[in-house]
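Chemist: This is the structure I want to talk about, given as structure tokens.
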Amino acid sequence: MSATPDLTAVLAISDEVPDLEEILKQYGAEFRERGLLYEWLLVLDGLSEAKAARLKSRVPAGEPVRTLQFNQAFGEEHSLASGYREARGRYVVTLPSYLQLDPGDIHLVLSALAEHSDVVVGWRVPRVDPWMNRLQSWAYNRAMGAFTGVPLHDLNCGLVGMRRPVIDEVLVEGNVSRFLPILAHRQGFRVAEVRVRHLRERGRQGFFGVGVYVRRLLDVVALLFITRFTRKPLRFFGAAGGIAVLAGLLLCGYLVLDATMGWSHTGSLRNSTALVFGVALVVIGINTFSIGLVAEIIIFTTARNTREYTVERELPPGRGPHAPPPAAPEAPRPAEPAGERQPAERGGGRGAAS
């Protein structure tokens, strides 16, 4: 465990896992077959001391396991984010907390990482869960792909692999860890997906609670803002503020014309609710625009400390595509014979004695 591993497998656990031994044995066998030095990182999300002790006692002998235990439940997203930060391997993979997928398909993920990809997401094909779950998952993934420009088919798949620089350079915090592939793509990393065999599905089926759909909608809105307006907040706040100001001015202008031209019987501006609403729109629009302007100034002043891109390779100085050709090396001077050397002249001294 002291040597730096090639791979860290992160497993977020919020309850006792009946398949724990099988997960560690089967995936561990696949890792050893590939010749990888690996480690397990079990993130225990709010398990009691008794449950944590029982879980640790079920770890097969010889498996390199580290544990990270929370004193209360924070959710799968926070568990994964903490696991990413504590991982030591050059490659990091996350796995479902039960044998949901075929363990042999982990080679597809590792091969894609070894070849050209920085992040690899599993795509469960064919799905074995009920049709209602598949329909909701399809709609969610299509919406995320349309808003973010990253057309992933199965963003909720528990199998995700990534290289170490993705964790080091992409912000991973809280609920954002679920959208790590999208954030990595935004930063310039190469994101791919591989088809994996779906064996079984556990958990809720059919319709979920209202809170689940509200959280998913907020996730979509938050991710849309993060991926498109983080570096240019004035585009969002400026557009929203401009629309509000324009609507307020049009409403106020109509009321003024109505009062002067007598288009209706209620042409008086006194005690007019519509006038108050129009003025409020103008004030709200100006404040919204001001928020975007202040945010733009903050981004500009801190831009040198952050970057939104990834450099794949760096050229040494003078080797760029537009650099001048290197100067030809100066030819070495031929060495003078020892007998022909003349003594150096001495200036400013006395003449030689006769």
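Naming scheme: A, B, ... for chains in displayed order of the structure tokens; residues 1 onward per chain; ligands 1 onward as shown.
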As a list in words, please: every residue in range 179-271 of chain A that a backbone DSSP assignment puts in strand (DSSP E or B).
Modeler: Val191, Ala192, Glu193, Val194, Arg195, Val196 and His198 of chain A
Chemist: Fewer than 6 positions away in the same chain doesn't count, so skip those; otherwise give me all residues within 9 Å of range 275-278 of chain A, counting only C-alpha atoms, as a list of chain:residue names.
Modeler: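 My list of contacting residues is A:Val245, A:Ala247, A:Gly248, A:Leu249, A:Leu250, A:Leu251, A:Cys252, A:Leu255, A:Leu269.
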Chemist: Kindly give the distance, in Å, that separates CA of Leu113 in chain A and CA of Gly161 in chain A, rounded to a single decimal.
Modeler: 7.4 Å
Chemist: Please determine, counting only C-alpha atoms, which residue among A:Ile106, A:Pro60, A:Ala3, A:Ala259 has the shortest atom-to-atom distance to Glu33 in chain A.
Modeler: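 Checking each candidate against Glu33 in chain A, we get A:Ile106 as the closest.
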Chemist: Name the residues in contact with Arg202 in chain A at a cut-off of 10 Å, using only C-alpha atoms, excluding same-chain residues fewer than 6 positions from it; report them as a PyMOL selection string.
Modeler: chain A and resi 98-100+129
Chemist: With a distance cut-off of 7 Å and only C-alpha atoms, select the neighbouring residues of Pro233 in chain A, excluding the residue or stretch itself and same-chain residues fewer than 2 positions from it, and output the selection as JSON, numbers by chain.
Modeler: {"A": [229, 230, 231, 235, 236, 237, 292, 295, 296]}
Chemist: With distances taken over only C-alpha atoms, which residue among A:Thr148, A:Ser272, A:Gln26, A:Ser117 lies nearest Glu63 in chain A?
Modeler: A:Gln26
Chemist: Give me, as an mmCIF file with C-alpha atoms, in the first residue's frame, all polymer residues having an atom no more than 7 Å from Trp40 in chain A, counting only C-alpha atoms and skipping those fewer than 5 positions away in the same chain.
Modeler:
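What landed in selection_7.cif:
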```
data_model
loop_
_atom_site.group_PDB
_atom_site.id
_atom_site.type_symbol
_atom_site.label_atom_id
_atom_site.label_comp_id
_atom_site.auth_asym_id
_atom_site.auth_seq_id
_atom_site.Cartn_x
_atom_site.Cartn_y
_atom_site.Cartn_z
ATOM 1 C CA THR A 8 -7.714 3.548 -7.672
ATOM 2 C CA ALA A 9 -11.212 2.063 -7.652
ATOM 3 C CA VAL A 10 -13.671 4.245 -5.706
ATOM 4 C CA PRO A 64 -5.546 -3.541 -0.912
ATOM 5 C CA VAL A 65 -8.384 -1.587 0.672
ATOM 6 C CA ARG A 66 -8.448 1.873 2.187
#
```
Chemist: I need the residue nearest Leu108 in chain A from this list: A:Val160, A:Leu36, A:Val166, A:Val59. Use only C-alpha atoms for the distance.
Modeler: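 Between A:Val160, A:Leu36, A:Val166, A:Val59, the residue approaching Leu108 in chain A most closely is A:Val160.
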Chemist: What separation in Å, quoted to one decimal, exists between CA of Val17 in chain A and CA of Glu76 in chain A?
Modeler: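 Calculated distance between CA of Val17 in chain A and CA of Glu76 in chain A is 14.4 Å.
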Chemist: Between CA of Tyr91 in chain A and CA of Leu155 in chain A, what is the distance in Å, rounded to a tenth?
Modeler: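 Spanning CA of Tyr91 in chain A to CA of Leu155 in chain A is a straight-line distance of 19.5 Å.
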Chemist: Here is a test: counting only C-alpha atoms, which residue of A:Gln136, A:Leu42, A:Arg54, A:Leu183 is nearest to Phe225 in chain A?
Modeler: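 Going through A:Gln136, A:Leu42, A:Arg54, A:Leu183 one by one, the smallest distance to Phe225 in chain A is for A:Leu183.
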Chemist: Tell me, as a VMD selection string, which residues lie within 12 Å of Gly83 in chain A, counting only C-alpha atoms; anything in the same chain fewer than 4 positions away does not count.
Modeler: chain A and resid 8 to 13 40 to 45 66 to 70 76 to 79 87 to 89 92 to 95 167 172 to 174 177
